[in-house]
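The structure file upload-v9.cif is reproduced below (mmCIF, C-alpha atoms and all ligand atoms).
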```
data_work
loop_
_atom_site.label_atom_id
_atom_site.label_comp_id
_atom_site.auth_asym_id
_atom_site.auth_seq_id
_atom_site.Cartn_x
_atom_site.Cartn_y
_atom_site.Cartn_z
CA MET J 1 37.41 16.15 8.08
CA ASN J 2 37.55 12.61 9.35
CA SER J 3 33.90 11.99 8.68
CA LEU J 4 34.44 12.82 5.02
CA LEU J 5 36.78 9.90 4.52
CA ARG J 6 35.40 6.55 3.53
CA THR J 7 36.83 4.45 6.30
CA THR J 8 35.43 1.02 5.58
CA SER J 9 35.13 -0.87 2.37
CA ALA J 10 31.93 -2.86 2.68
CA PRO J 11 31.82 -6.08 0.66
CA VAL J 12 30.42 -5.52 -2.79
CA PHE J 13 27.17 -7.39 -3.17
CA PRO J 14 25.48 -9.11 -4.89
CA ASP J 15 27.90 -11.90 -5.76
CA ALA J 16 27.81 -13.73 -9.08
CA ARG J 17 24.80 -15.77 -7.98
CA GLY J 18 22.83 -12.70 -6.99
CA ARG J 19 23.41 -13.23 -3.26
CA TYR J 20 23.75 -10.70 -0.47
CA GLY J 21 25.38 -12.98 2.08
CA THR J 22 22.88 -15.82 2.34
CA PHE J 23 19.97 -13.71 1.06
CA GLY J 24 18.77 -13.03 -2.48
CA GLY J 25 19.30 -15.48 -5.32
CA ARG J 26 16.86 -16.57 -7.95
CA TYR J 27 14.14 -18.95 -6.79
CA VAL J 28 11.93 -19.16 -9.86
CA PRO J 29 10.21 -21.79 -11.98
CA GLU J 30 12.32 -23.02 -14.89
CA THR J 31 10.08 -21.18 -17.34
CA LEU J 32 11.30 -17.83 -15.98
CA VAL J 33 15.00 -18.59 -16.23
CA PRO J 34 15.45 -17.53 -19.90
CA ALA J 35 13.75 -14.19 -19.23
CA LEU J 36 15.95 -13.51 -16.21
CA ASP J 37 19.08 -14.55 -18.13
CA ARG J 38 18.14 -12.12 -20.86
CA LEU J 39 17.57 -9.36 -18.33
CA GLN J 40 20.90 -10.13 -16.65
CA ALA J 41 22.71 -9.93 -19.97
CA GLY J 42 21.04 -6.58 -20.66
CA VAL J 43 22.00 -5.25 -17.24
CA ASP J 44 25.62 -6.32 -17.77
CA GLN J 45 25.79 -4.85 -21.25
CA TYR J 46 23.93 -1.57 -20.85
CA LEU J 47 23.34 -0.39 -17.29
CA HIS J 48 26.74 1.16 -16.72
CA SER J 49 27.50 2.00 -20.35
CA ALA J 50 28.23 5.65 -21.10
CA ASP J 51 25.42 5.76 -23.65
CA PHE J 52 22.76 4.39 -21.28
CA GLN J 53 23.90 6.54 -18.39
CA SER J 54 23.88 9.73 -20.42
CA GLU J 55 20.33 9.11 -21.64
CA PHE J 56 19.20 8.16 -18.11
CA VAL J 57 20.78 11.25 -16.56
CA HIS J 58 19.26 13.42 -19.29
CA GLU J 59 15.74 12.08 -18.62
CA LEU J 60 16.23 12.45 -14.86
CA LYS J 61 17.29 16.04 -15.30
CA THR J 62 14.91 17.30 -17.95
CA TRP J 63 11.78 15.22 -17.29
CA VAL J 64 11.88 13.89 -13.73
CA GLY J 65 13.22 17.16 -12.29
CA ARG J 66 16.47 15.97 -10.71
CA PRO J 67 18.42 16.71 -8.70
CA THR J 68 15.65 16.94 -6.12
CA ALA J 69 16.20 19.54 -3.40
CA LEU J 70 17.80 18.96 -0.03
CA SER J 71 15.80 21.10 2.40
CA TYR J 72 16.83 22.15 5.88
CA ALA J 73 13.87 21.79 8.28
CA PRO J 74 14.31 24.65 10.77
CA THR J 75 11.19 24.09 12.88
CA LEU J 76 11.54 20.32 13.17
CA SER J 77 15.18 20.93 14.07
CA LYS J 78 14.17 23.23 16.91
CA ARG J 79 11.35 20.99 18.12
CA TRP J 80 13.48 17.84 18.09
CA GLY J 81 16.75 19.40 19.30
CA ALA J 82 18.59 18.22 16.18
CA GLN J 83 19.65 19.39 12.72
CA VAL J 84 17.12 17.96 10.32
CA TRP J 85 17.64 17.75 6.55
CA LEU J 86 15.11 16.39 4.08
CA LYS J 87 15.92 14.71 0.76
CA ARG J 88 12.90 15.72 -1.26
CA GLU J 89 11.83 12.82 -3.49
CA ASP J 90 8.31 14.20 -3.09
CA LEU J 91 9.41 16.83 -5.63
CA ALA J 92 10.22 14.27 -8.31
CA HIS J 93 7.79 13.89 -11.23
CA THR J 94 4.70 11.84 -10.28
CA GLY J 95 5.40 12.61 -6.62
CA ALA J 96 7.80 9.95 -5.37
CA HIS J 97 11.12 8.21 -5.93
CA LYS J 98 9.48 5.44 -7.98
CA ILE J 99 9.89 7.37 -11.22
CA ASN J 100 13.72 7.01 -11.08
CA ASN J 101 13.40 3.25 -11.32
CA ALA J 102 10.61 3.28 -13.91
CA VAL J 103 12.50 5.56 -16.29
CA GLY J 104 15.71 3.54 -15.92
CA GLN J 105 14.06 0.19 -16.49
CA ILE J 106 12.03 1.33 -19.49
CA LEU J 107 15.16 2.78 -21.10
CA LEU J 108 16.75 -0.63 -20.53
CA ALA J 109 13.68 -2.37 -22.01
CA LYS J 110 14.09 -0.39 -25.22
CA ARG J 111 17.70 -1.47 -25.52
CA LEU J 112 16.61 -5.07 -24.99
CA GLY J 113 14.23 -4.73 -27.92
CA ALA J 114 11.05 -5.15 -25.86
CA LYS J 115 7.80 -4.08 -27.52
CA ARG J 116 5.62 -3.68 -24.42
CA ILE J 117 6.01 -2.90 -20.74
CA ILE J 118 4.22 -4.70 -17.94
CA ALA J 119 4.28 -3.64 -14.31
CA GLU J 120 2.59 -4.51 -11.05
CA THR J 121 1.30 -2.03 -8.54
CA GLY J 122 -0.11 -2.05 -5.02
CA ALA J 123 -1.18 1.43 -4.04
CA GLY J 124 -0.79 2.53 -7.62
CA GLN J 125 2.34 4.66 -7.28
CA HIS J 126 4.60 2.37 -9.27
CA GLY J 127 1.81 1.85 -11.80
CA VAL J 128 1.52 5.60 -12.30
CA ALA J 129 5.31 5.99 -12.57
CA SER J 130 5.53 3.13 -15.09
CA ALA J 131 2.60 4.45 -17.12
CA ALA J 132 4.15 7.92 -17.22
CA ALA J 133 7.62 6.69 -18.17
CA ALA J 134 6.21 4.32 -20.79
CA ALA J 135 4.18 7.15 -22.33
CA ARG J 136 7.22 9.40 -22.34
CA LEU J 137 9.39 6.75 -23.99
CA GLY J 138 6.74 5.60 -26.45
CA MET J 139 5.99 2.10 -25.13
CA PRO J 140 2.59 0.48 -24.52
CA CYS J 141 2.09 -0.42 -20.86
CA VAL J 142 -0.09 -2.93 -18.99
CA VAL J 143 -0.35 -2.64 -15.21
CA TYR J 144 -1.48 -5.57 -13.06
CA MET J 145 -3.24 -4.48 -9.91
CA GLY J 146 -5.09 -6.48 -7.25
CA ALA J 147 -8.85 -6.07 -7.55
CA VAL J 148 -9.02 -4.91 -3.92
CA ASP J 149 -6.45 -2.20 -4.68
CA VAL J 150 -8.25 -1.12 -7.88
CA GLU J 151 -11.20 -0.41 -5.64
CA ARG J 152 -9.17 1.27 -2.86
CA GLN J 153 -6.99 3.40 -5.16
CA ALA J 154 -9.43 4.73 -7.72
CA PRO J 155 -7.65 8.07 -8.36
CA ASN J 156 -4.42 6.28 -9.30
CA VAL J 157 -6.31 3.91 -11.60
CA GLY J 158 -7.70 6.99 -13.36
CA ARG J 159 -4.22 8.49 -13.62
CA MET J 160 -2.87 5.33 -15.24
CA HIS J 161 -5.71 5.34 -17.78
CA LEU J 162 -5.02 8.97 -18.68
CA LEU J 163 -1.33 8.15 -19.08
CA GLY J 164 -2.31 5.56 -21.66
CA ALA J 165 -1.80 2.36 -19.65
CA LYS J 166 -4.16 -0.58 -19.49
CA VAL J 167 -4.98 -1.58 -15.91
CA VAL J 168 -5.77 -5.27 -15.39
CA PRO J 169 -7.50 -6.12 -12.06
CA VAL J 170 -6.22 -9.37 -10.51
CA THR J 171 -8.88 -11.28 -8.61
CA GLY J 172 -6.84 -14.35 -7.62
CA GLY J 173 -4.82 -14.87 -4.43
CA ASP J 174 -5.02 -12.03 -1.95
CA ALA J 175 -6.20 -9.70 -4.76
CA THR J 176 -3.55 -7.18 -3.68
CA LEU J 177 0.12 -6.56 -4.47
CA ARG J 178 1.35 -10.12 -4.02
CA ALA J 179 -1.21 -11.47 -6.50
CA ALA J 180 -0.41 -8.65 -8.92
CA ILE J 181 3.31 -9.57 -8.92
CA ASP J 182 2.44 -13.24 -9.54
CA GLU J 183 0.23 -12.26 -12.48
CA ALA J 184 2.91 -10.01 -13.98
CA LEU J 185 5.44 -12.86 -13.75
CA ARG J 186 2.97 -15.17 -15.55
CA ASP J 187 2.52 -12.65 -18.35
CA TRP J 188 6.29 -12.25 -18.69
CA VAL J 189 6.87 -16.00 -19.01
CA SER J 190 4.48 -16.15 -21.95
CA ASP J 191 6.51 -13.61 -23.97
CA PRO J 192 9.98 -13.08 -22.48
CA ASP J 193 11.40 -11.55 -25.67
CA GLY J 194 8.73 -9.01 -26.56
CA THR J 195 7.72 -8.07 -23.01
CA TYR J 196 9.71 -6.26 -20.34
CA TYR J 197 8.64 -6.59 -16.70
CA CYS J 198 9.27 -3.32 -14.88
CA LEU J 199 9.40 -4.39 -11.21
CA GLY J 200 8.70 -1.62 -8.72
CA SER J 201 10.94 -2.23 -5.72
CA ALA J 202 14.30 -3.74 -4.74
CA VAL J 203 12.70 -7.20 -4.42
CA GLY J 204 12.20 -10.31 -6.52
CA PRO J 205 14.72 -12.62 -8.19
CA HIS J 206 18.22 -11.51 -9.14
CA PRO J 207 19.03 -9.19 -10.93
CA TYR J 208 16.04 -7.02 -9.93
CA PRO J 209 17.18 -6.06 -6.42
CA TYR J 210 20.53 -5.03 -7.88
CA LEU J 211 19.06 -3.23 -10.88
CA VAL J 212 16.61 -1.25 -8.77
CA ARG J 213 19.32 -0.36 -6.25
CA GLU J 214 21.61 0.94 -8.97
CA LEU J 215 18.84 3.07 -10.48
CA GLN J 216 17.66 4.46 -7.11
CA SER J 217 21.17 5.18 -5.79
CA VAL J 218 20.91 8.55 -7.49
CA ILE J 219 18.99 9.58 -4.34
CA GLY J 220 21.89 8.88 -2.00
CA ARG J 221 24.56 10.18 -4.38
CA GLU J 222 22.79 13.51 -4.66
CA ALA J 223 22.01 13.65 -0.95
CA ARG J 224 25.62 12.88 0.03
CA ALA J 225 26.97 15.67 -2.19
CA GLN J 226 24.24 18.09 -1.05
CA MET J 227 24.95 17.37 2.63
CA LEU J 228 28.64 18.12 2.10
CA GLU J 229 27.81 21.33 0.30
CA GLN J 230 24.81 22.64 2.24
CA ALA J 231 25.26 21.11 5.70
CA GLY J 232 29.07 21.26 5.75
CA GLY J 233 29.48 17.53 6.36
CA LEU J 234 27.95 14.12 6.25
CA PRO J 235 24.91 13.35 8.41
CA ASP J 236 25.25 11.43 11.67
CA VAL J 237 22.36 9.29 10.54
CA ALA J 238 20.29 8.76 7.40
CA VAL J 239 16.73 7.53 7.90
CA ALA J 240 14.35 6.05 5.33
CA CYS J 241 11.13 4.05 5.32
CA VAL J 242 11.24 0.47 4.09
CA GLY J 243 8.47 -1.27 2.18
CA GLY J 244 10.15 -3.41 -0.46
CA GLY J 245 13.15 -1.24 0.28
CA SER J 246 13.91 0.72 -2.90
CA ASN J 247 13.97 4.29 -1.59
CA ALA J 248 15.90 3.17 1.48
CA ILE J 249 18.56 1.23 -0.42
CA GLY J 250 18.81 4.13 -2.88
CA LEU J 251 19.46 6.57 -0.05
CA PHE J 252 21.71 4.27 1.99
CA HIS J 253 23.91 2.70 -0.64
CA PRO J 254 26.21 5.66 -1.35
CA PHE J 255 26.75 6.00 2.43
CA LEU J 256 27.63 2.34 3.11
CA GLY J 257 31.35 3.09 2.99
CA ASP J 258 31.03 6.02 5.40
CA ALA J 259 31.52 4.23 8.71
CA ALA J 260 30.60 7.33 10.71
CA VAL J 261 27.16 7.58 9.10
CA LYS J 262 24.55 5.49 10.89
CA LEU J 263 21.77 4.15 8.74
CA LEU J 264 18.26 3.56 10.02
CA GLY J 265 15.47 1.82 8.12
CA VAL J 266 11.91 2.19 9.38
CA GLU J 267 9.26 -0.43 8.72
CA ALA J 268 5.51 -0.34 9.17
CA GLY J 269 4.63 -1.45 12.70
CA GLY J 270 0.94 -1.21 11.80
CA ARG J 271 -1.42 -1.66 14.75
CA GLY J 272 0.70 -4.07 16.79
CA THR J 273 3.22 -6.90 16.92
CA GLY J 274 0.86 -9.80 16.12
CA LEU J 275 1.28 -11.67 12.82
CA GLY J 276 -1.03 -9.90 10.36
CA ASP J 277 -1.04 -6.63 12.30
CA ASN J 278 2.02 -5.08 10.69
CA ALA J 279 4.32 -5.19 7.66
CA ALA J 280 7.60 -5.37 9.60
CA SER J 281 9.30 -8.19 7.70
CA LEU J 282 12.82 -7.30 8.88
CA THR J 283 12.13 -6.79 12.57
CA SER J 284 9.44 -9.50 12.88
CA GLY J 285 9.99 -11.81 9.90
CA THR J 286 11.83 -15.09 9.44
CA PRO J 287 13.92 -16.34 6.50
CA GLY J 288 12.06 -17.83 3.58
CA VAL J 289 11.43 -17.57 -0.13
CA LEU J 290 9.00 -15.02 -1.51
CA GLN J 291 8.57 -14.10 -5.15
CA GLY J 292 11.92 -15.38 -6.31
CA SER J 293 14.11 -14.26 -3.45
CA TYR J 294 15.40 -15.74 -0.19
CA THR J 295 14.77 -12.98 2.32
CA LEU J 296 12.94 -12.15 5.53
CA ILE J 297 9.21 -12.60 5.26
CA LEU J 298 6.10 -12.59 7.39
CA GLN J 299 4.97 -16.21 7.45
CA ASP J 300 3.37 -18.62 9.86
CA ALA J 301 4.98 -21.73 11.35
CA TYR J 302 4.08 -23.69 8.19
CA GLY J 303 5.73 -21.16 5.88
CA GLN J 304 2.41 -19.71 4.71
CA VAL J 305 2.96 -16.07 3.81
CA GLN J 306 0.72 -13.87 5.92
CA GLU J 307 -1.34 -10.87 4.98
CA THR J 308 -0.04 -7.62 6.36
CA HIS J 309 -1.47 -4.42 7.73
CA SER J 310 -0.24 -0.85 7.46
CA VAL J 311 -1.99 2.49 7.22
CA SER J 312 0.36 3.19 4.29
CA ALA J 313 -0.39 1.07 1.24
CA GLY J 314 3.18 1.49 -0.04
CA LEU J 315 4.66 -0.32 2.97
CA ASP J 316 2.01 -3.04 3.08
CA TYR J 317 4.05 -6.02 1.77
CA SER J 318 4.99 -9.28 3.48
CA GLY J 319 8.58 -9.40 2.21
CA VAL J 320 11.53 -7.06 1.82
CA GLY J 321 14.48 -6.73 -0.53
CA PRO J 322 17.25 -9.25 0.19
CA GLU J 323 19.96 -6.61 0.54
CA HIS J 324 18.13 -5.17 3.55
CA ALA J 325 17.98 -8.64 5.12
CA TYR J 326 21.73 -8.82 4.66
CA LEU J 327 22.38 -5.28 5.94
CA MET J 328 20.36 -6.06 9.05
CA THR J 329 22.14 -9.31 9.87
CA SER J 330 25.54 -7.70 9.16
CA LYS J 331 24.40 -4.83 11.44
CA ARG J 332 25.46 -2.10 9.01
CA VAL J 333 21.89 -0.79 9.01
CA ALA J 334 19.59 -0.70 12.03
CA TYR J 335 15.89 -1.35 11.47
CA GLU J 336 12.97 -0.33 13.64
CA SER J 337 9.26 -0.17 13.23
CA VAL J 338 6.83 2.72 13.66
CA MET J 339 3.12 2.28 14.33
CA ASP J 340 0.28 3.67 12.21
CA GLU J 341 -0.64 6.30 14.81
CA GLU J 342 2.96 7.43 15.23
CA ALA J 343 3.43 7.88 11.48
CA LEU J 344 0.23 9.93 11.23
CA ASP J 345 1.41 12.09 14.11
CA ALA J 346 4.73 12.75 12.37
CA LEU J 347 2.93 13.52 9.11
CA ALA J 348 0.79 16.14 10.85
CA GLU J 349 3.85 17.69 12.51
CA CYS J 350 5.81 17.97 9.27
CA ALA J 351 2.85 19.42 7.39
CA LYS J 352 2.07 22.02 10.05
CA PHE J 353 5.62 23.12 10.82
CA GLU J 354 7.51 22.65 7.55
CA GLY J 355 4.76 23.12 4.96
CA ILE J 356 5.37 19.69 3.49
CA LEU J 357 2.60 17.10 3.24
CA THR J 358 4.59 13.88 3.07
CA ALA J 359 3.36 10.48 2.03
CA ILE J 360 2.27 8.30 4.97
CA GLU J 361 5.10 5.94 3.99
CA SER J 362 7.68 8.72 4.38
CA ALA J 363 6.08 9.79 7.67
CA HIS J 364 7.30 6.51 9.16
CA ALA J 365 10.85 7.73 8.53
CA PHE J 366 10.03 11.11 10.10
CA TYR J 367 8.80 9.46 13.28
CA GLY J 368 11.85 7.19 13.39
CA ALA J 369 14.05 10.27 12.97
CA ARG J 370 12.21 12.10 15.75
CA ARG J 371 12.78 9.15 18.09
CA TYR J 372 16.46 9.11 17.11
CA ALA J 373 16.75 12.85 17.78
CA LYS J 374 15.33 12.48 21.29
CA ALA J 375 18.00 9.88 22.08
CA HIS J 376 20.85 11.78 20.34
CA PRO J 377 20.53 15.52 21.06
CA GLY J 378 22.10 17.75 18.40
CA ALA J 379 22.42 14.97 15.82
CA LYS J 380 22.62 15.85 12.15
CA ILE J 381 19.79 13.83 10.62
CA LEU J 382 19.07 13.19 6.95
CA ILE J 383 15.53 11.98 6.25
CA GLY J 384 14.52 10.39 2.97
CA CYS J 385 11.23 12.07 2.14
CA SER J 386 10.21 9.40 -0.36
CA GLY J 387 7.01 10.96 -1.65
CA ARG J 388 4.20 13.45 -1.27
CA GLY J 389 0.99 12.84 0.60
CA ASP J 390 -1.64 14.12 -1.83
CA LYS J 391 -2.41 10.51 -2.79
CA ASP J 392 -3.18 9.80 0.87
CA MET J 393 -5.97 12.34 1.26
CA PRO J 394 -8.78 9.72 1.38
CA ILE J 395 -7.14 7.93 4.32
CA LEU J 396 -6.15 11.21 5.98
CA GLN J 397 -9.80 12.30 5.76
CA ARG J 398 -10.77 9.17 7.68
CA THR J 399 -8.01 9.50 10.30
CA LEU J 400 -6.35 12.85 11.11
CA LEU J 401 -9.26 14.87 9.70
CA LYS J 402 -12.17 12.76 10.88
CA ASP J 403 -13.37 15.26 13.49
CA LEU J 404 -13.49 18.22 11.13
C1 LIG J 501 6.11 2.79 -2.84
C2 LIG J 501 6.52 3.80 -1.84
C3 LIG J 501 7.33 3.46 -0.73
C4 LIG J 501 7.75 2.06 -0.43
O1 LIG J 501 8.51 1.42 -1.41
P1 LIG J 501 10.07 1.18 -1.25
O2 LIG J 501 10.40 0.29 -2.37
O3 LIG J 501 10.30 0.55 0.08
O4 LIG J 501 10.73 2.50 -1.34
C5 LIG J 501 7.73 4.47 0.12
N1 LIG J 501 7.34 5.74 -0.05
C6 LIG J 501 6.55 6.11 -1.09
C7 LIG J 501 6.16 7.53 -1.23
C8 LIG J 501 6.12 5.15 -2.01
O5 LIG J 501 5.33 5.53 -3.04
#
```

Represent the structure contained in this file as structure tokens.
Amino acid sequence: MNSLLRTTSAPVFPDARGRYGTFGGRYVPETLVPALDRLQAGVDQYLHSADFQSEFVHELKTWVGRPTALSYAPTLSKRWGAQVWLKREDLAHTGAHKINNAVGQILLAKRLGAKRIIAETGAGQHGVASAAAAARLGMPCVVYMGAVDVERQAPNVGRMHLLGAKVVPVTGGDATLRAAIDEALRDWVSDPDGTYYCLGSAVGPHPYPYLVRELQSVIGREARAQMLEQAGGLPDVAVACVGGGSNAIGLFHPFLGDAAVKLLGVEAGGRGTGLGDNAASLTSGTPGVLQGSYTLILQDAYGQVQETHSVSAGLDYSGVGPEHAYLMTSKRVAYESVMDEEALDALAECAKFEGILTAIESAHAFYGARRYAKAHPGAKILIGCSGRGDKDMPILQRTLLKDL
């Protein structure tokens, strides 16, 4: 029974200045301040209103397909010597958790009177989710995408086109996600009233990390209730992969007050510990400002943000949401990294023994969970399965399947 009680009351963040301890805030050019003020006012007025929530819940239920299942994983449980439960965001519409955030933000955009949606995307998953939600809710949508990613992620570019979005390749900067976010911010500044910027992870200037967390917390709320009902109690540990950190904060947040539940975030360890060889901004980064937020980032001694490497495009980002930086320094959440090869190994294991082809991003969480199980025999483990792996077939052909 004890484990069902909420034994600690964690501080409620962010504070009025959008801070999570020392992290977070709003480090933006003056030209962006009116747009962020407007967004903040909209969040305050609508996000927790009964009217907004009922429309959001209705869309989640009837269009996204929520609640997503909680699946027991009998074979992984046996192989790892643990009790393994999977929160199945791979079953959500468009194949990952990102749709929860996109639907919520576009509903908010309509209340704010916006006439068009803009979004950024790296691997294309948030672009697809935004395009789908915008189509559903009757809004035109422009997606900024690094030119390198447009090339690498052709199937997702095609999906966005079919869903009615306009995809704009960004050739400046690193021509990947970071440049795409910069370009989206520039667009937003030029028309802060008519345009709504639908940001794809729990990053960026306040109030985005908060807004995205609130929208994604549906994952953890459902999982917590499903664990109590199906597993007869809370998990000993909940594990999620961390790119910008939205699926992880969404899974973790409803468990923060459960002192007995350990929380484990897993970053991309890439091909090694050298700067540029991974995307492990929490475990290898240092404090700094990136895209409007004071957080942990991968930068050199001069503060130049470094390019990252990960086999999973969705984790390949040099920063992380500020709330994770806070949760790491306050030690409420433990963070580890998992290498490319390890994630691919876990992906193969889950596919073969549970019949679930997870995203390579999610496979990082599976490997982290396997490592945890080896050190804690019999543990009850909840894994956030953030998305499905169909989108990863080109890279899986070149790696796991290359000898076929
Ligand atoms: C985008 C993505 C991630 C990483 O983003 P977060 O904001 O850290 O959740 C993880 N898994 C999948 C399947 C994704 O598409």

Open item on the list: Give me the residues near stretch 253-257 of chain J as a PyMOL selection string, where near means some atom within 12 Å (using only C-alpha atoms) and where sequence neighbours in that chain fewer than 3 positions away do not count.
Closed with: chain J and resi 3-13+210+212-225+227+234-240+245-250+260-264+323-324+327+330-333+382

- [ ] Name the residues in contact with stretch 167-172 of chain J at a cut-off of 9 Å, using only C-alpha atoms, excluding same-chain residues fewer than 5 positions from it; report them as number ranges by chain.
- [x] J: 127, 141-150, 157, 160-161, 179-180, 183

Store the residues of this selection in a file with C-alpha atoms, as an mmCIF file, in the coordinates of the input.
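Produced file out.cif, reproduced below:
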```
data_model
loop_
_atom_site.group_PDB
_atom_site.id
_atom_site.type_symbol
_atom_site.label_atom_id
_atom_site.label_comp_id
_atom_site.auth_asym_id
_atom_site.auth_seq_id
_atom_site.Cartn_x
_atom_site.Cartn_y
_atom_site.Cartn_z
ATOM 1 C CA GLY J 127 1.810 1.850 -11.800
ATOM 2 C CA CYS J 141 2.090 -0.420 -20.860
ATOM 3 C CA VAL J 142 -0.090 -2.930 -18.990
ATOM 4 C CA VAL J 143 -0.350 -2.640 -15.210
ATOM 5 C CA TYR J 144 -1.480 -5.570 -13.060
ATOM 6 C CA MET J 145 -3.240 -4.480 -9.910
ATOM 7 C CA GLY J 146 -5.090 -6.480 -7.250
ATOM 8 C CA ALA J 147 -8.850 -6.070 -7.550
ATOM 9 C CA VAL J 148 -9.020 -4.910 -3.920
ATOM 10 C CA ASP J 149 -6.450 -2.200 -4.680
ATOM 11 C CA VAL J 150 -8.250 -1.120 -7.880
ATOM 12 C CA VAL J 157 -6.310 3.910 -11.600
ATOM 13 C CA MET J 160 -2.870 5.330 -15.240
ATOM 14 C CA HIS J 161 -5.710 5.340 -17.780
ATOM 15 C CA ALA J 179 -1.210 -11.470 -6.500
ATOM 16 C CA ALA J 180 -0.410 -8.650 -8.920
ATOM 17 C CA GLU J 183 0.230 -12.260 -12.480
#
```

Using all atoms listed in the file, what residues lie at most 10 Å away from (20.6, -13.6, -7.5) (file coordinates), given as a compact mmCIF listing (two decimals) with C-alpha atoms, in the frame of the given file?
```txt
# COMPACT_ATOMS: atom_id res chain seq x y z
CA PRO J 14 25.48 -9.11 -4.89
CA ASP J 15 27.90 -11.90 -5.76
CA ALA J 16 27.81 -13.73 -9.08
CA ARG J 17 24.80 -15.77 -7.98
CA GLY J 18 22.83 -12.70 -6.99
CA ARG J 19 23.41 -13.23 -3.26
CA TYR J 20 23.75 -10.70 -0.47
CA PHE J 23 19.97 -13.71 1.06
CA GLY J 24 18.77 -13.03 -2.48
CA GLY J 25 19.30 -15.48 -5.32
CA ARG J 26 16.86 -16.57 -7.95
CA TYR J 27 14.14 -18.95 -6.79
CA LEU J 36 15.95 -13.51 -16.21
CA GLN J 40 20.90 -10.13 -16.65
CA GLY J 204 12.20 -10.31 -6.52
CA PRO J 205 14.72 -12.62 -8.19
CA HIS J 206 18.22 -11.51 -9.14
CA PRO J 207 19.03 -9.19 -10.93
CA TYR J 208 16.04 -7.02 -9.93
CA PRO J 209 17.18 -6.06 -6.42
CA TYR J 210 20.53 -5.03 -7.88
CA GLY J 292 11.92 -15.38 -6.31
CA SER J 293 14.11 -14.26 -3.45
CA TYR J 294 15.40 -15.74 -0.19
CA PRO J 322 17.25 -9.25 0.19
```

TODO: Rank J:Gly104, J:Gly303, J:Gly368, J:Pro74 by their smallest atom-to-atom distance to J:Leu137, using only C-alpha atoms, and report the top residue only.
DONE: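 Closest residue, counting only C-alpha atoms: J:Gly104.
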
Check which residues fall inside 7 Å of ligand LIG 501 (chain J) when counting only C-alpha atoms and all ligand atoms, and print them as a short mmCIF file (atom, residue, chain, number, x, y, z; two decimals) with C-alpha atoms, in the coordinates of the input.
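The new file pocket.cif reads:
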```
data_model
loop_
_atom_site.label_atom_id
_atom_site.label_comp_id
_atom_site.auth_asym_id
_atom_site.auth_seq_id
_atom_site.Cartn_x
_atom_site.Cartn_y
_atom_site.Cartn_z
CA ALA J 96 7.80 9.95 -5.37
CA HIS J 97 11.12 8.21 -5.93
CA LYS J 98 9.48 5.44 -7.98
CA GLN J 125 2.34 4.66 -7.28
CA HIS J 126 4.60 2.37 -9.27
CA GLY J 200 8.70 -1.62 -8.72
CA SER J 201 10.94 -2.23 -5.72
CA ALA J 202 14.30 -3.74 -4.74
CA CYS J 241 11.13 4.05 5.32
CA VAL J 242 11.24 0.47 4.09
CA GLY J 243 8.47 -1.27 2.18
CA GLY J 244 10.15 -3.41 -0.46
CA GLY J 245 13.15 -1.24 0.28
CA SER J 246 13.91 0.72 -2.90
CA ASN J 247 13.97 4.29 -1.59
CA ALA J 248 15.90 3.17 1.48
CA GLY J 314 3.18 1.49 -0.04
CA LEU J 315 4.66 -0.32 2.97
CA ALA J 359 3.36 10.48 2.03
CA GLU J 361 5.10 5.94 3.99
CA SER J 362 7.68 8.72 4.38
CA SER J 386 10.21 9.40 -0.36
CA GLY J 387 7.01 10.96 -1.65
CA ARG J 388 4.20 13.45 -1.27
#
```

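Neighbouring residues of J:Gly276 at 7 Å or closer, counting only C-alpha atoms and skipping chain neighbours under 6 positions away, are Gln306, Glu307, Thr308 and His309 of chain J.
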
Emit as AutoDock Vina command-line options the padded axis-aligned box for all listed atoms of stretch 358-368 of chain J, 6 Å per side, with centre and edge lengths in Å to one decimal.
```
--center_x 7.1 --center_y 9.9 --center_z 7.7 --size_x 21.6 --size_y 19.9 --size_z 23.4
```

Task: Nearest to J:Leu344 by atom-to-atom distance, counting only C-alpha atoms, from J:Glu267, J:Asp90, J:Asp191, J:Asp392 - done: J:Asp392

Contacts of J:Leu39 within 12 Å, all atoms listed in the file, excl. fewer than 4 positions in-chain, as a CSV table (one decimal) with C-alpha atoms, in the coordinates of the input:
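Writing done, so here's selection19.csv:
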```
chain,number,residue,atom,x,y,z
J,32,LEU,CA,11.3,-17.8,-16.0
J,33,VAL,CA,15.0,-18.6,-16.2
J,34,PRO,CA,15.4,-17.5,-19.9
J,35,ALA,CA,13.8,-14.2,-19.2
J,43,VAL,CA,22.0,-5.2,-17.2
J,44,ASP,CA,25.6,-6.3,-17.8
J,45,GLN,CA,25.8,-4.8,-21.2
J,46,TYR,CA,23.9,-1.6,-20.8
J,47,LEU,CA,23.3,-0.4,-17.3
J,105,GLN,CA,14.1,0.2,-16.5
J,108,LEU,CA,16.8,-0.6,-20.5
J,109,ALA,CA,13.7,-2.4,-22.0
J,110,LYS,CA,14.1,-0.4,-25.2
J,111,ARG,CA,17.7,-1.5,-25.5
J,112,LEU,CA,16.6,-5.1,-25.0
J,113,GLY,CA,14.2,-4.7,-27.9
J,114,ALA,CA,11.0,-5.2,-25.9
J,188,TRP,CA,6.3,-12.2,-18.7
J,192,PRO,CA,10.0,-13.1,-22.5
J,193,ASP,CA,11.4,-11.6,-25.7
J,195,THR,CA,7.7,-8.1,-23.0
J,196,TYR,CA,9.7,-6.3,-20.3
J,197,TYR,CA,8.6,-6.6,-16.7
J,198,CYS,CA,9.3,-3.3,-14.9
J,199,LEU,CA,9.4,-4.4,-11.2
J,205,PRO,CA,14.7,-12.6,-8.2
J,206,HIS,CA,18.2,-11.5,-9.1
J,207,PRO,CA,19.0,-9.2,-10.9
J,208,TYR,CA,16.0,-7.0,-9.9
J,210,TYR,CA,20.5,-5.0,-7.9
J,211,LEU,CA,19.1,-3.2,-10.9
```
